[in-house]
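Okay, so here's the structure we're looking at.
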Amino acid sequence: MIECIFCRILTGELPAQVYYQDESWMVIADINPQAEVHLLFISRVHKASFADLSVHDAPLLGSLISTIGKVTGDLGITSYKLLTNVGEEAGQTISHLHWHLLAGKGCEILRP
């Protein structure tokens with residue numbers, strides 16, 4: 001998926017501020033932060049969005065839970081919002097499975 005910006009970040013072709021990485025996920029700073037802390041949890045498996053997951057992807061989602069716990073613990077983050085956009089109408093701009101973690105006072109902008 002050479003045209004996918006996240007695939008290019010995952011391979012090291014494009015730079016990113018990396019906070020954590022393992023065999024399933026890479027966690028980077030969002031280059032257009034919407035909160036005081038805005039991290040992206042990018043799947044190493046290229047799937048367009050959450051809608052493309054199946055029951056067979058349960059281990060991937062389980063590893064996401066572990067990764068979120070590790071990263072928030074390491075960074076001392078105790079309150080946050082976690083979201084994924086599915087489809088353009090929902091605000092998804094990159095067709096690669098990823099989750100946004102937003103924390104800090106800037107997180108207020110996302111309240112309904």
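Chain identifiers are assigned as A, B, and so on, following the order in which chains appear in the structure tokens; residues are numbered from 1 within each chain, and ligands are numbered from 1 in order of appearance.
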
List the neighbours of Thr93 (chain A) out to 12 Å using only C-alpha atoms; skip same-chain residues closer than 5 positions along the sequence, and give me the result as a compact mmCIF listing (two decimals) with N, CA, C and O atoms, in the first residue's frame.
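See around.txt below for the written result:
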# COMPACT_ATOMS: atom_id res chain seq x y z
N CYS A 4 -0.50 4.75 0.67
CA CYS A 4 -1.08 5.02 1.99
C CYS A 4 -0.04 5.71 2.89
O CYS A 4 1.03 5.17 3.14
N ILE A 5 -0.40 6.90 3.36
CA ILE A 5 0.53 7.66 4.18
C ILE A 5 0.90 6.91 5.47
O ILE A 5 2.05 6.94 5.90
N PHE A 6 -0.06 6.21 6.07
CA PHE A 6 0.25 5.47 7.29
C PHE A 6 1.16 4.28 7.00
O PHE A 6 2.05 3.97 7.80
N ALA A 48 -8.91 -0.79 5.69
CA ALA A 48 -9.38 0.57 5.42
C ALA A 48 -9.97 1.25 6.65
O ALA A 48 -9.75 2.43 6.88
N SER A 49 -10.72 0.51 7.45
CA SER A 49 -11.35 1.10 8.64
C SER A 49 -11.86 -0.01 9.56
O SER A 49 -11.79 -1.19 9.24
N THR A 84 -12.49 6.28 16.55
CA THR A 84 -12.08 5.97 15.19
C THR A 84 -13.19 6.44 14.27
O THR A 84 -14.38 6.31 14.59
N ASN A 85 -12.81 7.03 13.17
CA ASN A 85 -13.78 7.48 12.18
C ASN A 85 -13.92 6.39 11.12
O ASN A 85 -12.92 5.81 10.69
N VAL A 86 -15.14 6.11 10.72
CA VAL A 86 -15.40 5.07 9.72
C VAL A 86 -16.11 5.73 8.54
O VAL A 86 -17.29 6.07 8.62
N GLY A 87 -15.38 5.93 7.45
CA GLY A 87 -15.94 6.53 6.25
C GLY A 87 -15.76 8.04 6.20
O GLY A 87 -15.63 8.70 7.23
N GLU A 88 -15.74 8.55 4.98
CA GLU A 88 -15.54 9.98 4.77
C GLU A 88 -16.59 10.84 5.46
O GLU A 88 -16.26 11.89 6.01
N HIS A 98 -7.02 3.18 12.18
CA HIS A 98 -6.30 3.91 13.22
C HIS A 98 -7.31 4.47 14.23
O HIS A 98 -8.48 4.64 13.93

Exercise. Could you write out, as a PyMOL selection string, all the residues of chain A that DSSP marks as strand (DSSP E or B)?
Worked result: chain A and resi 18-21+25-29+37-43+81-83+98-103

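Atom pair CA of Ser43 (chain A) / CA of Leu75 (chain A) has a distance of 20.1 Å (rounded to one decimal).
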
For this session: Excluding Val18 (chain A) and residues on its chain fewer than 3 positions from it, collect all residues at most 12 Å away from it, counting only C-alpha atoms, and give them as number ranges by chain.
Result: A: 9-10, 12, 14-15, 21-22, 25-31, 39-42, 71

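Backbone DSSP of region 33-88 of chain A yields helix (DSSP H, G or I) at Phe50, Ala51, Asp52, Val55, His56, Asp57, Ala58, Pro59, Leu60, Leu61, Gly62, Ser63, Leu64, Ile65, Ser66, Thr67, Ile68, Gly69, Lys70, Val71, Thr72, Gly73, Asp74, Leu75 and Glu88 of chain A.
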